[in-house]
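Next comes coords-v1.txt, a file with compact mmCIF, C-alpha atoms.
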# COMPACT_ATOMS: atom_id res chain seq x y z
CA MET F 10 122.72 88.46 138.83
CA ASN F 11 121.59 88.56 142.45
CA ALA F 12 119.55 85.42 143.14
CA ARG F 13 117.10 87.30 145.37
CA VAL F 14 114.60 90.01 144.52
CA PRO F 15 112.49 92.38 146.64
CA PHE F 16 108.95 91.42 147.54
CA ALA F 17 106.12 92.82 149.64
CA ARG F 18 103.38 90.89 151.37
CA MET F 19 100.20 92.93 151.00
CA ASN F 20 96.46 92.39 150.99
CA GLY F 21 93.46 93.72 149.15
CA ILE F 22 90.54 93.57 151.63
CA GLY F 23 91.96 90.30 152.93
CA ASN F 24 93.07 88.78 149.61
CA GLU F 25 96.68 87.84 150.50
CA ILE F 26 99.11 88.99 147.82
CA LEU F 27 102.86 88.78 147.28
CA VAL F 28 104.11 91.57 144.99
CA VAL F 29 107.47 90.42 143.59
CA ASP F 30 109.76 92.94 141.88
CA MET F 31 111.21 91.25 138.79
CA ARG F 32 112.05 94.48 136.97
CA GLY F 33 115.39 94.39 135.19
CA ARG F 34 115.48 90.59 135.12
CA LYS F 35 114.93 87.94 132.45
CA ASP F 36 114.13 85.03 134.77
CA ARG F 37 110.65 84.28 136.16
CA VAL F 38 109.03 83.42 139.45
CA MET F 39 108.79 79.65 139.13
CA PRO F 40 105.80 77.48 140.11
CA GLN F 41 107.91 75.54 142.61
CA ALA F 42 108.87 78.81 144.28
CA ALA F 43 105.20 79.74 144.59
CA ILE F 44 104.36 76.40 146.17
CA ALA F 45 107.24 76.75 148.65
CA LEU F 46 106.23 80.28 149.60
CA ASP F 47 102.61 79.27 150.13
CA ALA F 48 103.72 76.45 152.44
CA GLU F 49 105.29 79.00 154.82
CA PRO F 50 102.81 80.51 157.33
CA ALA F 51 104.39 83.96 157.05
CA THR F 52 104.28 84.07 153.24
CA ASN F 53 101.25 81.97 152.36
CA PHE F 54 99.23 83.79 149.75
CA ASP F 55 96.35 83.70 147.32
CA GLN F 56 98.21 85.22 144.35
CA ILE F 57 101.73 86.31 143.44
CA MET F 58 101.92 89.43 141.29
CA ALA F 59 105.31 89.26 139.55
CA VAL F 60 106.10 92.71 138.14
CA TYR F 61 108.39 92.80 135.06
CA ASP F 62 109.67 95.45 132.68
CA PRO F 63 107.10 96.50 130.06
CA ARG F 64 106.79 94.43 126.90
CA THR F 65 104.44 96.74 125.00
CA PRO F 66 105.00 100.46 124.30
CA GLY F 67 102.63 102.65 126.29
CA THR F 68 102.44 100.30 129.27
CA HIS F 69 104.35 100.66 132.52
CA ASN F 70 104.89 97.01 133.45
CA TYR F 71 104.09 93.44 132.51
CA ILE F 72 102.50 91.42 135.33
CA GLU F 73 102.52 87.63 135.58
CA ILE F 74 100.14 86.11 138.14
CA LEU F 75 100.64 82.83 139.98
CA ASN F 76 98.18 81.00 142.21
CA ALA F 77 99.08 79.27 145.46
CA ASP F 78 99.26 75.88 143.73
CA GLY F 79 101.84 77.18 141.23
CA SER F 80 99.39 77.51 138.35
CA PHE F 81 99.16 80.73 136.37
CA ALA F 82 96.14 83.06 136.51
CA GLN F 83 94.89 85.52 133.94
CA ALA F 84 93.49 88.22 136.24
CA CYS F 85 93.58 89.41 139.85
CA GLY F 86 91.87 92.70 140.65
CA ASN F 87 92.85 92.83 144.32
CA GLY F 88 96.43 91.97 143.41
CA THR F 89 96.53 94.73 140.81
CA ARG F 90 95.52 97.26 143.47
CA CYS F 91 98.41 96.01 145.63
CA VAL F 92 100.84 96.51 142.73
CA VAL F 93 99.55 100.07 142.27
CA ALA F 94 99.97 100.82 145.98
CA ALA F 95 103.52 99.44 145.99
CA LEU F 96 104.64 101.30 142.86
CA ALA F 97 102.88 104.52 143.84
CA ALA F 98 104.66 104.51 147.21
CA GLU F 99 107.99 104.00 145.44
CA THR F 100 107.60 106.47 142.57
CA GLY F 101 104.85 108.93 143.51
CA GLN F 102 103.10 108.02 140.27
CA LYS F 103 99.32 107.72 140.48
CA VAL F 104 98.21 106.39 137.07
CA PHE F 105 99.38 103.07 135.63
CA SER F 106 98.84 100.84 132.62
CA PHE F 107 99.73 97.16 133.09
CA GLU F 108 99.89 94.35 130.55
CA THR F 109 98.76 90.86 131.60
CA VAL F 110 98.05 87.69 129.67
CA ALA F 111 94.38 88.73 129.78
CA GLY F 112 95.07 92.16 128.27
CA ILE F 113 95.78 95.73 129.37
CA LEU F 114 94.67 96.93 132.81
CA ASN F 115 94.53 100.65 133.60
CA ALA F 116 94.62 101.69 137.25
CA GLN F 117 94.72 104.83 139.38
CA GLU F 118 95.42 105.65 143.01
CA HIS F 119 93.08 108.40 144.30
CA GLU F 120 93.84 111.13 146.81
CA ASP F 121 91.98 109.23 149.54
CA GLY F 122 94.25 106.21 149.03
CA LEU F 123 91.61 104.06 147.36
CA ILE F 124 92.61 102.48 144.06
CA SER F 125 90.49 101.93 140.95
CA VAL F 126 91.28 99.25 138.39
CA ASP F 127 89.65 99.02 134.98
CA LEU F 128 89.26 95.28 134.47
CA GLY F 129 87.99 95.71 130.94
CA MET F 130 84.87 94.23 129.44
CA PRO F 131 83.25 91.05 130.75
CA ARG F 132 82.65 88.20 128.33
CA PHE F 133 79.55 86.08 128.41
CA GLY F 134 79.82 83.82 125.34
CA TRP F 135 80.09 80.16 126.33
CA GLN F 136 83.21 79.71 124.20
CA ASP F 137 84.84 82.82 125.71
CA ILE F 138 84.44 81.84 129.37
CA PRO F 139 85.13 79.01 128.33
CA LEU F 140 82.59 76.22 128.78
CA SER F 141 82.96 72.74 127.34
CA GLU F 142 79.51 72.80 125.71
CA GLU F 143 77.24 75.42 124.20
CA PHE F 144 74.84 77.45 126.33
CA ARG F 145 73.02 80.16 124.43
CA ASP F 146 72.13 82.05 127.63
CA THR F 147 74.93 82.18 130.22
CA ARG F 148 72.84 84.15 132.68
CA MET F 149 71.80 80.70 133.92
CA ILE F 150 73.31 77.34 133.01
CA GLU F 151 72.41 73.79 133.99
CA LEU F 152 74.68 72.91 136.89
CA GLN F 153 73.75 71.92 140.40
CA VAL F 154 75.01 70.61 143.72
CA GLY F 155 73.00 68.02 145.64
CA PRO F 156 69.99 65.85 144.81
CA ILE F 157 68.23 66.45 141.50
CA ASP F 158 64.89 67.08 143.20
CA ALA F 159 66.34 69.27 145.99
CA PRO F 160 69.66 70.80 144.95
CA VAL F 161 71.67 72.81 147.46
CA LEU F 162 72.88 75.12 144.69
CA HIS F 163 71.79 75.34 141.08
CA SER F 164 71.60 77.39 137.89
CA PRO F 165 74.67 79.62 138.19
CA SER F 166 75.43 82.62 136.06
CA VAL F 167 78.78 82.30 134.29
CA ALA F 168 81.12 84.98 132.97
CA SER F 169 84.75 85.74 132.24
CA MET F 170 86.64 88.67 133.75
CA GLY F 171 89.81 87.45 132.06
CA ASN F 172 89.33 84.26 134.08
CA PRO F 173 86.25 81.99 134.32
CA HIS F 174 83.62 82.48 137.03
CA ALA F 175 80.43 80.73 138.10
CA ILE F 176 78.07 82.57 140.46
CA PHE F 177 75.44 80.68 142.43
CA TRP F 178 72.61 82.90 143.71
CA VAL F 179 71.28 82.24 147.21
CA ASP F 180 68.63 83.84 149.40
CA SER F 181 70.20 82.93 152.74
CA ASP F 182 73.52 83.90 154.31
CA VAL F 183 76.53 82.94 152.18
CA TRP F 184 78.20 81.41 155.25
CA SER F 185 75.51 78.75 155.55
CA TYR F 186 76.93 76.82 152.57
CA ASP F 187 79.77 74.30 152.75
CA LEU F 188 81.88 75.94 150.06
CA ASP F 189 85.11 74.30 151.17
CA ARG F 190 83.53 70.89 150.46
CA PHE F 191 81.95 71.44 147.03
CA GLY F 192 84.21 74.27 145.82
CA PRO F 193 86.95 71.88 144.62
CA LEU F 194 84.41 69.68 142.84
CA LEU F 195 82.85 72.61 141.01
CA GLU F 196 86.21 74.22 140.20
CA ASN F 197 87.21 71.02 138.40
CA HIS F 198 83.79 70.18 136.89
CA PRO F 199 84.05 69.00 133.25
CA ILE F 200 81.90 71.94 132.13
CA PHE F 201 84.91 74.18 132.89
CA PRO F 202 87.84 73.06 130.68
CA GLU F 203 90.13 75.68 132.27
CA ARG F 204 88.62 75.20 135.73
CA ALA F 205 86.64 78.06 137.31
CA ASN F 206 86.28 80.36 140.28
CA ILE F 207 83.16 79.40 142.23
CA THR F 208 81.17 82.11 144.05
CA ILE F 209 78.11 82.07 146.28
CA ALA F 210 76.32 85.43 146.13
CA GLN F 211 73.48 86.92 148.16
CA VAL F 212 71.94 90.16 146.90
CA THR F 213 70.96 92.26 149.92
CA SER F 214 69.63 95.37 148.13
CA HIS F 215 69.47 96.92 144.67
CA ASP F 216 73.05 98.17 145.14
CA ALA F 217 74.65 95.72 147.59
CA MET F 218 75.59 92.06 147.79
CA SER F 219 77.75 89.63 149.78
CA ILE F 220 79.90 86.88 148.29
CA ARG F 221 82.17 83.97 149.20
CA THR F 222 84.55 82.53 146.63
CA TRP F 223 86.48 79.34 146.08
CA GLU F 224 89.32 80.56 143.87
CA ARG F 225 90.71 78.42 141.11
CA GLY F 226 94.18 77.34 142.18
CA ALA F 227 93.96 79.03 145.59
CA GLY F 228 90.94 77.64 147.44
CA LEU F 229 88.84 79.58 149.92
CA THR F 230 89.93 83.21 150.08
CA LEU F 231 88.94 86.19 152.20
CA ALA F 232 88.37 88.22 149.02
CA CYS F 233 88.49 87.89 145.24
CA GLY F 234 88.32 91.04 143.14
CA SER F 235 87.57 89.43 139.79
CA ALA F 236 84.83 87.34 141.45
CA ALA F 237 83.30 90.52 142.88
CA CYS F 238 83.28 91.99 139.36
CA ALA F 239 81.83 88.82 137.81
CA ALA F 240 79.11 88.67 140.47
CA ALA F 241 78.28 92.37 140.03
CA VAL F 242 77.90 92.23 136.25
CA SER F 243 75.95 88.96 136.47
CA ALA F 244 73.63 90.48 139.06
CA ALA F 245 72.96 93.39 136.72
CA ARG F 246 72.45 91.02 133.76
CA THR F 247 69.85 89.07 135.71
CA ARG F 248 68.18 92.28 136.98
CA ARG F 249 69.01 91.55 140.59
CA THR F 250 70.86 94.88 140.97
CA GLY F 251 71.74 98.01 139.09
CA ARG F 252 75.08 98.52 137.35
CA THR F 253 76.81 100.00 140.41
CA VAL F 254 77.02 97.78 143.48
CA THR F 255 78.99 97.47 146.72
CA VAL F 256 80.28 93.92 147.18
CA THR F 257 81.14 92.69 150.68
CA ALA F 258 83.83 90.00 150.88
CA PRO F 259 84.22 87.34 153.60
CA SER F 260 86.88 89.56 155.22
CA GLY F 261 84.22 92.22 155.76
CA GLY F 262 86.00 94.47 153.27
CA ARG F 263 84.01 96.18 150.55
CA LEU F 264 84.60 96.86 146.88
CA LEU F 265 82.67 99.33 144.76
CA ILE F 266 82.01 97.79 141.35
CA GLU F 267 80.75 99.96 138.48
CA TRP F 268 79.75 98.42 135.15
CA ARG F 269 79.94 101.49 132.98
CA ASP F 270 77.90 102.23 129.89
CA ASP F 271 81.01 101.60 127.75
CA ASP F 272 80.94 98.01 129.12
CA HIS F 273 84.13 98.41 131.18
CA VAL F 274 84.10 97.17 134.77
CA ILE F 275 85.75 99.48 137.33
CA MET F 276 86.67 98.10 140.75
CA THR F 277 87.57 100.50 143.58
CA GLY F 278 88.95 99.55 146.97
CA PRO F 279 91.95 99.72 149.33
CA ALA F 280 95.30 97.91 149.47
CA GLU F 281 97.32 97.30 152.63
CA TRP F 282 101.07 96.75 153.13
CA GLU F 283 102.09 94.07 155.66
CA PHE F 284 105.86 93.54 155.37
CA SER F 285 108.69 93.33 152.86
CA GLY F 286 111.68 91.10 152.24
CA MET F 287 113.83 89.34 149.67
CA LEU F 288 113.13 86.02 147.94
CA ASP F 289 114.65 83.65 145.43
CA PRO F 290 112.27 83.44 142.44
CA ALA F 291 113.57 79.97 141.54
CA THR F 292 113.24 78.26 144.93
CA GLY F 293 111.04 80.47 147.11
CA ALA F 294 113.73 80.83 149.81
CA TRP F 295 113.12 84.17 151.51
CA GLU F 296 114.03 86.49 154.35
CA ARG F 297 112.17 89.35 155.94
CA ASP F 298 113.54 92.89 155.92
CA VAL F 299 114.90 93.93 159.32
CA GLU F 300 112.73 97.05 159.47
CA GLY F 301 109.63 94.90 158.98
CA ALA F 302 110.46 92.41 161.70
CA ALA F 303 108.10 92.06 164.62

Encoding of this model in structure tokens:
Amino acid sequence: MNARVPFARMNGIGNEILVVDMRGRKDRVMPQAAIALDAEPATNFDQIMAVYDPRTPGTHNYIEILNADGSFAQACGNGTRCVVAALAAETGQKVFSFETVAGILNAQEHEDGLISVDLGMPRFGWQDIPLSEEFRDTRMIELQVGPIDAPVLHSPSVASMGNPHAIFWVDSDVWSYDLDRFGPLLENHPIFPERANITIAQVTSHDAMSIRTWERGAGLTLACGSAACAAAVSAARTRRTGRTVTVTAPSGGRLLIEWRDDDHVIMTGPAEWEFSGMLDPATGAWERDVEGAA
């Protein structure tokens, strides 16, 4: 078996993604390979989307997701759009059904090139997120940053979009908060036994909001699709917005999030190809395709 496999470096509104083609193989992209790839400036990433042969009848592929620190993730909406764009360009197919550890994701590339992903139904039960202690109302839990009498951030909404999220609501610009300092502390707070994605969200109108996210296992990112979905449904739950909202990421890119009446969350946005190459899924050693060279 050839040690190296094809990969593409792509991005979903700035969320840096490596799509790795593991179809026809029994081995896996290893955590040490992910760490090595992230250490390289040309291949550093937020998530790896490793695409395998299907495991379940009726699905097109199985996707395993790795974070930059080598840990495994349950969901990545922006990465799923990148997978759709890559496979659609290869096959001409427009509609896909992917299996992940978090469940089945259905996705479609539209005629205008935008891609919609059905991320399923959000979960709000404290044990489903999960939290380490019971909160009957997860629209607002007791958690804060800063002094007790003057917290910098407090009372986040929490939800699961296949992975755990905490959303702190702010009235001022999301850039005015030192997320790179307290993001790691909140990600690893004891209230989150599986760690959590930490988002600062500012609602700017009944159908628009801006966010910044510290991603579990990846750190500060220019975009996070599942965080955009978690923020959108939490904003609707707390009556800050309606059920359809445009979410602006730190990259300036925008995602349209629709929380449908059937409880499914649909995320629509673009995906962009950067370059392709070959990599060793065991070690992370890689080379860039000649046609993609600068």

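Proximity ranking of F:Ala42, F:Ala51, F:Met19, F:Leu128 relative to F:Ala95 places F:Met19 first, based on only C-alpha atoms.
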
Using only C-alpha atoms, which of the listed residues (F:Arg204, F:Thr277, F:Thr65, F:Gly293) sits closest to F:Gly79?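 Checking each candidate against F:Gly79, we get F:Gly293 as the closest.
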
At a cut-off of 9 Å, using only C-alpha atoms, what residues contact F:Glu196? Leave out same-chain residues fewer than 3 positions from it and give the result as a list in words.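 So, after excluding close chain neighbours, the residues are Ala175, Phe191, Gly192, Pro193, Pro199, Phe201, Glu203, Arg204, Ala205, Asn206, Ile207, Trp223, Glu224, Arg225 and Gly226 of chain F.
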
Between F:Val38, F:Leu27, F:Ile150, F:Ile209, single out the one closest to F:Asn53, counting only C-alpha atoms. F:Leu27

Give me the residues near F:Pro290 as a list in words, where near means some atom within 10 Å (using all atoms listed in the file) and where sequence neighbours in that chain fewer than 4 positions away do not count.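 What passes the distance filter is Ala12, Arg13, Val14, Pro15, Val29, Asp30, Met31, Asp36, Arg37, Val38, Met39, Pro40, Gln41, Ala42, Ala43, Leu46, Ala59, Ala294 and Trp295 of chain F.
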
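The shortest atom-to-atom distance to F:Leu229, with all atoms listed in the file taken into account, belongs to F:Leu188 out of F:Leu162, F:Leu265, F:Ile22, F:Leu188.
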
Tell me which of F:His215, F:Lys35, F:His198, F:His119 sits closest to F:Arg249, counting only C-alpha atoms.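 The shortest atom-to-atom distance to F:Arg249 comes from F:His215.
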
So which one's closest to F:Trp178, F:Ile44, F:Ile220, F:Ala291, F:Ala237? Using all atoms listed in the file, please.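 Smallest separation from F:Trp178 among the options: F:Ile220.
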
Need to verify the contact set: F:Ser181, 12 Å, only C-alpha atoms, exclusion of same-chain residues closer than 3 positions in sequence. Can you return it as number ranges by chain? F: 161-162, 177-178, 184-186, 209-213, 218-220

Give me the residues within 12 Å of F:Ala217 as an MDAnalysis selection string, counting all atoms listed in the file and dropping any in the same chain fewer than 4 places off. chainID F and resid 210:213 237 240:241 244:245 249:258 263:267

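Counting from atom CA of F:Tyr61, the distance to atom CA of F:Glu108 is 9.7 Å.
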
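Taking atom CA of F:Ala82 as the reference point, atom CA of F:Thr247 is found at 27.0 Å.
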